[in-house]
Amino acid sequence: MSTAVLTDPKTKIRVSQSSAPQPIIQMREVCKGFGSGVTRNEVLTNINLNVREGEFLAIVGFSGSGKSTFMKLLAGLETIDSGTLTMDGQTITGPNPERGLVFQNYSLLPWLTVRGNIALSVNSVFRKWGRGERADHVEKFIEMVGLTHAAHRRPHELSGGMRQRVSLARTLAMKPKVLLLDEPLSALDAMTRSVLQEEILKIWEEERQTCVMITNDVDEAILVADRIVPLNPGPNASLGPAFTVELDRPRKSSELNHSDAFKGLRNAVTNYLVAVRQKSREDEAATTTAPKVELPDLEPLAMKLPHVSSLTAAK
Ligand SMILES: Nc1ncnc2c1ncn2[C@@H]1O[C@H](COP(=O)(O)OP(=O)(O)OP(=O)(O)O)[C@@H](O)[C@H]1O
């Protein structure tokens, strides 16, 4: 199979229309909507995508475009209405530890410690391992996300960034073949977000497992991804052309800010997103059947304030 790579004449950025060898996840003409009749909402339409083994793919899009719905399909938490969705050639029919999902809200069990939350997942996935082996595995992942000092704490005793680290460690410890990150850093402040972005990247560089990340932050997508695929605005959202990120690794956000390639790619992706949103708004305005309401040309009456003495008198 070959990869068609086009060059955007304005930006000189390589835009890949691609399908490449060894897709681990394949989506073909996938459609997904909710509801029925007049309240039916067609969220995703004709989604075609190959996720390659070992790549870091970022999906970027506006709020409400269907990013979480897209991720839930990959995770097996929602089922497709039509088309095909496979992992390693097998239809995805439900959740599976081979596809580990990290949400934007941490969903930790409040009565368990950091160690307990991670151990719960490890014990359920690696039942055949000995007790000591499982315990060592848990400690390895607590250490990987820098939480050894807080391993005995419960979620309410942790900051948002620490909770998201636990959530990440819990998913990574299950050794999923594909890591699904659904805006995992969106609830965090800018500083913590930046630290965790680089940690995720470091872990990914060590493990090199296939990773799909949803984000609404173009800079974040460029920092982490090999390819960025925009999700066009919904309803009937489809995927735009893939942008290949050809920046050397390891990447650091402080260094990328000075890179012309980074700035060029950021402009290309942002301009694409702005253009598709504008088009979607124009299409919506052209097809709207709601009657245009003319507002009456009225001027408000001047309000006469009651005299201070009458206010006093009214008391
Ligand atoms: N279970 C559901 N039932 C009905 N409608 C749903 C359901 N889940 C999502 N939707 C609708 O699908 C559309 C896309 O939602 P989704 O959460 O996938 O978007 P998003 O891009 O992730 O948004 P955000 O960035 O704001 O989280 C929205 O109109 C939403 O109301």
# chains A, B, ... in the order shown; residues from 1 in each chain; ligands from 1
>>> residues_near_ligand(ligand="ligand 1", cutoff="7 Å", atoms="only C-alpha atoms and all ligand atoms", output="list of chain:residue names")
A:Phe34, A:Gly35, A:Asn41, A:Val43, A:Gly61, A:Phe62, A:Ser63, A:Gly64, A:Ser65, A:Gly66, A:Lys67, A:Ser68, A:Thr69, A:Phe70
>>> write_last_selection(atoms="N, CA and C atoms", output="compact mmCIF listing (two decimals), in the first residue's frame")
# COMPACT_ATOMS: atom_id res chain seq x y z
N PHE A 34 -27.23 9.90 17.05
CA PHE A 34 -28.02 9.59 18.25
C PHE A 34 -29.46 10.00 18.01
N GLY A 35 -30.38 9.31 18.67
CA GLY A 35 -31.80 9.67 18.62
C GLY A 35 -32.46 9.17 17.36
N ASN A 41 -29.71 13.13 15.59
CA ASN A 41 -28.51 13.96 15.44
C ASN A 41 -27.42 13.11 14.79
N VAL A 43 -23.99 12.62 14.04
CA VAL A 43 -22.77 13.23 14.58
C VAL A 43 -21.58 13.00 13.64
N GLY A 61 -10.23 19.16 16.78
CA GLY A 61 -11.52 19.67 16.32
C GLY A 61 -12.14 20.58 17.35
N PHE A 62 -13.21 21.25 16.92
CA PHE A 62 -13.89 22.19 17.81
C PHE A 62 -14.79 21.44 18.79
N SER A 63 -15.16 22.16 19.83
CA SER A 63 -16.08 21.60 20.81
C SER A 63 -17.40 21.22 20.13
N GLY A 64 -17.90 20.06 20.46
CA GLY A 64 -19.20 19.63 19.92
C GLY A 64 -19.11 19.00 18.55
N SER A 65 -17.90 18.88 17.98
CA SER A 65 -17.80 18.33 16.62
C SER A 65 -17.96 16.80 16.61
N GLY A 66 -17.83 16.18 17.77
CA GLY A 66 -18.00 14.71 17.82
C GLY A 66 -16.73 13.98 18.19
N LYS A 67 -15.77 14.68 18.80
CA LYS A 67 -14.48 14.05 19.12
C LYS A 67 -14.64 12.92 20.14
N SER A 68 -15.43 13.20 21.19
CA SER A 68 -15.60 12.15 22.22
C SER A 68 -16.37 10.97 21.67
N THR A 69 -17.34 11.26 20.80
CA THR A 69 -18.11 10.17 20.18
C THR A 69 -17.16 9.30 19.36
N PHE A 70 -16.28 9.94 18.62
CA PHE A 70 -15.28 9.25 17.81
C PHE A 70 -14.43 8.33 18.70
>>> residues_around(residues="Ala150 in chain A", least_positions_apart="3", cutoff="10 Å", atoms="only C-alpha atoms", output="NGL selection string")
:A and (113-115 or 142 or 146-147 or 153-154 or 157-158 or 162)
>>> closest_residue(among="A:Glu198, A:Glu220, A:Glu206, A:Glu55", to="Glu183 in chain A", atoms="only C-alpha atoms")
A:Glu220
>>> residues_around(residues="Asn48 in chain A", least_positions_apart="2", cutoff="8 Å", atoms="only C-alpha atoms", output="ChimeraX atom specification")
/A:26-30,46,50,239
>>> atom_distance(atom1="CA of Gly54 in chain A", atom2="CA of Arg227 in chain A")
11.8 Å
>>> select_by_dssp(residues="range 35-212 of chain A", states="strand (DSSP E or B)", output="number ranges by chain")
A: 41-52, 56-61, 82-87, 90-91, 99-102, 178-182, 210-212
>>> write_last_selection(atoms="C-alpha atoms", output="mmCIF file, in the first residue's frame")
data_model
loop_
_atom_site.group_PDB
_atom_site.id
_atom_site.type_symbol
_atom_site.label_atom_id
_atom_site.label_comp_id
_atom_site.auth_asym_id
_atom_site.auth_seq_id
_atom_site.Cartn_x
_atom_site.Cartn_y
_atom_site.Cartn_z
ATOM 1 C CA ASN A 41 -28.513 13.959 15.440
ATOM 2 C CA GLU A 42 -26.077 12.669 12.813
ATOM 3 C CA VAL A 43 -22.767 13.228 14.582
ATOM 4 C CA LEU A 44 -20.168 11.447 12.427
ATOM 5 C CA THR A 45 -20.509 10.680 8.718
ATOM 6 C CA ASN A 46 -18.313 8.608 6.418
ATOM 7 C CA ILE A 47 -15.260 8.461 8.641
ATOM 8 C CA ASN A 48 -12.305 6.793 6.908
ATOM 9 C CA LEU A 49 -9.074 6.345 8.803
ATOM 10 C CA ASN A 50 -6.124 4.010 9.148
ATOM 11 C CA VAL A 51 -4.226 4.163 12.419
ATOM 12 C CA ARG A 52 -0.771 2.718 11.843
ATOM 13 C CA PHE A 56 0.963 8.825 17.553
ATOM 14 C CA LEU A 57 -2.120 10.234 15.885
ATOM 15 C CA ALA A 58 -3.855 13.398 17.058
ATOM 16 C CA ILE A 59 -7.446 14.250 16.171
ATOM 17 C CA VAL A 60 -8.163 17.969 16.506
ATOM 18 C CA GLY A 61 -11.522 19.668 16.323
ATOM 19 C CA SER A 82 -22.876 1.713 9.648
ATOM 20 C CA GLY A 83 -19.519 1.107 8.011
ATOM 21 C CA THR A 84 -16.720 -1.004 9.463
ATOM 22 C CA LEU A 85 -14.434 -0.490 12.426
ATOM 23 C CA THR A 86 -11.723 -3.051 13.092
ATOM 24 C CA MET A 87 -8.629 -3.564 15.200
ATOM 25 C CA GLN A 90 -11.394 -7.936 14.086
ATOM 26 C CA THR A 91 -14.600 -5.901 14.384
ATOM 27 C CA ARG A 99 -7.553 -0.458 23.895
ATOM 28 C CA GLY A 100 -6.813 1.606 27.016
ATOM 29 C CA LEU A 101 -8.770 4.824 27.410
ATOM 30 C CA VAL A 102 -7.790 7.870 29.473
ATOM 31 C CA VAL A 178 -3.525 1.057 21.600
ATOM 32 C CA LEU A 179 -3.637 3.991 23.990
ATOM 33 C CA LEU A 180 -6.686 6.260 23.569
ATOM 34 C CA LEU A 181 -6.355 9.702 25.131
ATOM 35 C CA ASP A 182 -9.589 11.715 25.161
ATOM 36 C CA THR A 210 0.052 3.101 19.097
ATOM 37 C CA CYS A 211 -1.598 6.203 20.478
ATOM 38 C CA VAL A 212 -4.659 8.187 19.422
#
>>> closest_atom_pairs(of="range 211-234 of chain A", to="range 266-286 of chain A", cutoff="10 Å", atoms="only C-alpha atoms", output="JSON lines")
{"residue": "A:Asp217", "atom": "CA", "partner": "A:Thr270", "partner_atom": "CA", "distance": 9.7}
{"residue": "A:Val218", "atom": "CA", "partner": "A:Arg266", "partner_atom": "CA", "distance": 6.6}
{"residue": "A:Asp219", "atom": "CA", "partner": "A:Arg266", "partner_atom": "CA", "distance": 6.7}
{"residue": "A:Ala221", "atom": "CA", "partner": "A:Arg266", "partner_atom": "CA", "distance": 9.4}
{"residue": "A:Ile222", "atom": "CA", "partner": "A:Arg266", "partner_atom": "CA", "distance": 7.5}
{"residue": "A:Ile228", "atom": "CA", "partner": "A:Val269", "partner_atom": "CA", "distance": 8.3}
{"residue": "A:Val229", "atom": "CA", "partner": "A:Val269", "partner_atom": "CA", "distance": 9.0}
{"residue": "A:Pro230", "atom": "CA", "partner": "A:Leu273", "partner_atom": "CA", "distance": 7.2}
{"residue": "A:Leu231", "atom": "CA", "partner": "A:Leu273", "partner_atom": "CA", "distance": 8.5}
{"residue": "A:Asn232", "atom": "CA", "partner": "A:Val276", "partner_atom": "CA", "distance": 6.5}
{"residue": "A:Pro233", "atom": "CA", "partner": "A:Arg277", "partner_atom": "CA", "distance": 6.2}
{"residue": "A:Gly234", "atom": "CA", "partner": "A:Ser280", "partner_atom": "CA", "distance": 8.1}
>>> write_last_selection(atoms="N, CA and C atoms", output="PDB file, in the first residue's frame")
ATOM      1  N   ASP A 217      -6.303  21.497  21.097  1.00  0.00           N
ATOM      2  CA  ASP A 217      -5.145  22.379  21.181  1.00  0.00           C
ATOM      3  C   ASP A 217      -4.150  21.988  20.070  1.00  0.00           C
ATOM      4  N   VAL A 218      -4.041  22.854  19.068  1.00  0.00           N
ATOM      5  CA  VAL A 218      -3.202  22.538  17.902  1.00  0.00           C
ATOM      6  C   VAL A 218      -1.733  22.408  18.305  1.00  0.00           C
ATOM      7  N   ASP A 219      -1.265  23.277  19.208  1.00  0.00           N
ATOM      8  CA  ASP A 219       0.140  23.209  19.640  1.00  0.00           C
ATOM      9  C   ASP A 219       0.437  21.860  20.307  1.00  0.00           C
ATOM     10  N   ALA A 221      -1.136  19.079  19.787  1.00  0.00           N
ATOM     11  CA  ALA A 221      -1.148  18.042  18.745  1.00  0.00           C
ATOM     12  C   ALA A 221       0.195  17.994  18.018  1.00  0.00           C
ATOM     13  N   ILE A 222       0.738  19.166  17.696  1.00  0.00           N
ATOM     14  CA  ILE A 222       2.018  19.185  16.961  1.00  0.00           C
ATOM     15  C   ILE A 222       3.145  18.653  17.845  1.00  0.00           C
ATOM     16  N   ILE A 228      -1.608  14.655  12.252  1.00  0.00           N
ATOM     17  CA  ILE A 228      -2.752  15.365  12.838  1.00  0.00           C
ATOM     18  C   ILE A 228      -3.897  15.277  11.845  1.00  0.00           C
ATOM     19  N   VAL A 229      -5.047  14.809  12.321  1.00  0.00           N
ATOM     20  CA  VAL A 229      -6.207  14.716  11.437  1.00  0.00           C
ATOM     21  C   VAL A 229      -7.316  15.590  12.020  1.00  0.00           C
ATOM     22  N   PRO A 230      -7.747  16.612  11.288  1.00  0.00           N
ATOM     23  CA  PRO A 230      -8.821  17.452  11.808  1.00  0.00           C
ATOM     24  C   PRO A 230     -10.179  16.757  11.682  1.00  0.00           C
ATOM     25  N   LEU A 231     -11.019  16.987  12.693  1.00  0.00           N
ATOM     26  CA  LEU A 231     -12.405  16.540  12.603  1.00  0.00           C
ATOM     27  C   LEU A 231     -13.217  17.773  12.242  1.00  0.00           C
ATOM     28  N   ASN A 232     -13.835  17.725  11.062  1.00  0.00           N
ATOM     29  CA  ASN A 232     -14.597  18.880  10.596  1.00  0.00           C
ATOM     30  C   ASN A 232     -15.815  19.100  11.483  1.00  0.00           C
ATOM     31  N   PRO A 233     -16.333  20.329  11.558  1.00  0.00           N
ATOM     32  CA  PRO A 233     -17.464  20.581  12.445  1.00  0.00           C
ATOM     33  C   PRO A 233     -18.690  19.767  12.073  1.00  0.00           C
ATOM     34  N   GLY A 234     -19.468  19.373  13.085  1.00  0.00           N
ATOM     35  CA  GLY A 234     -20.693  18.614  12.867  1.00  0.00           C
ATOM     36  C   GLY A 234     -21.871  19.552  12.734  1.00  0.00           C
TER      37      GLY A 234
END
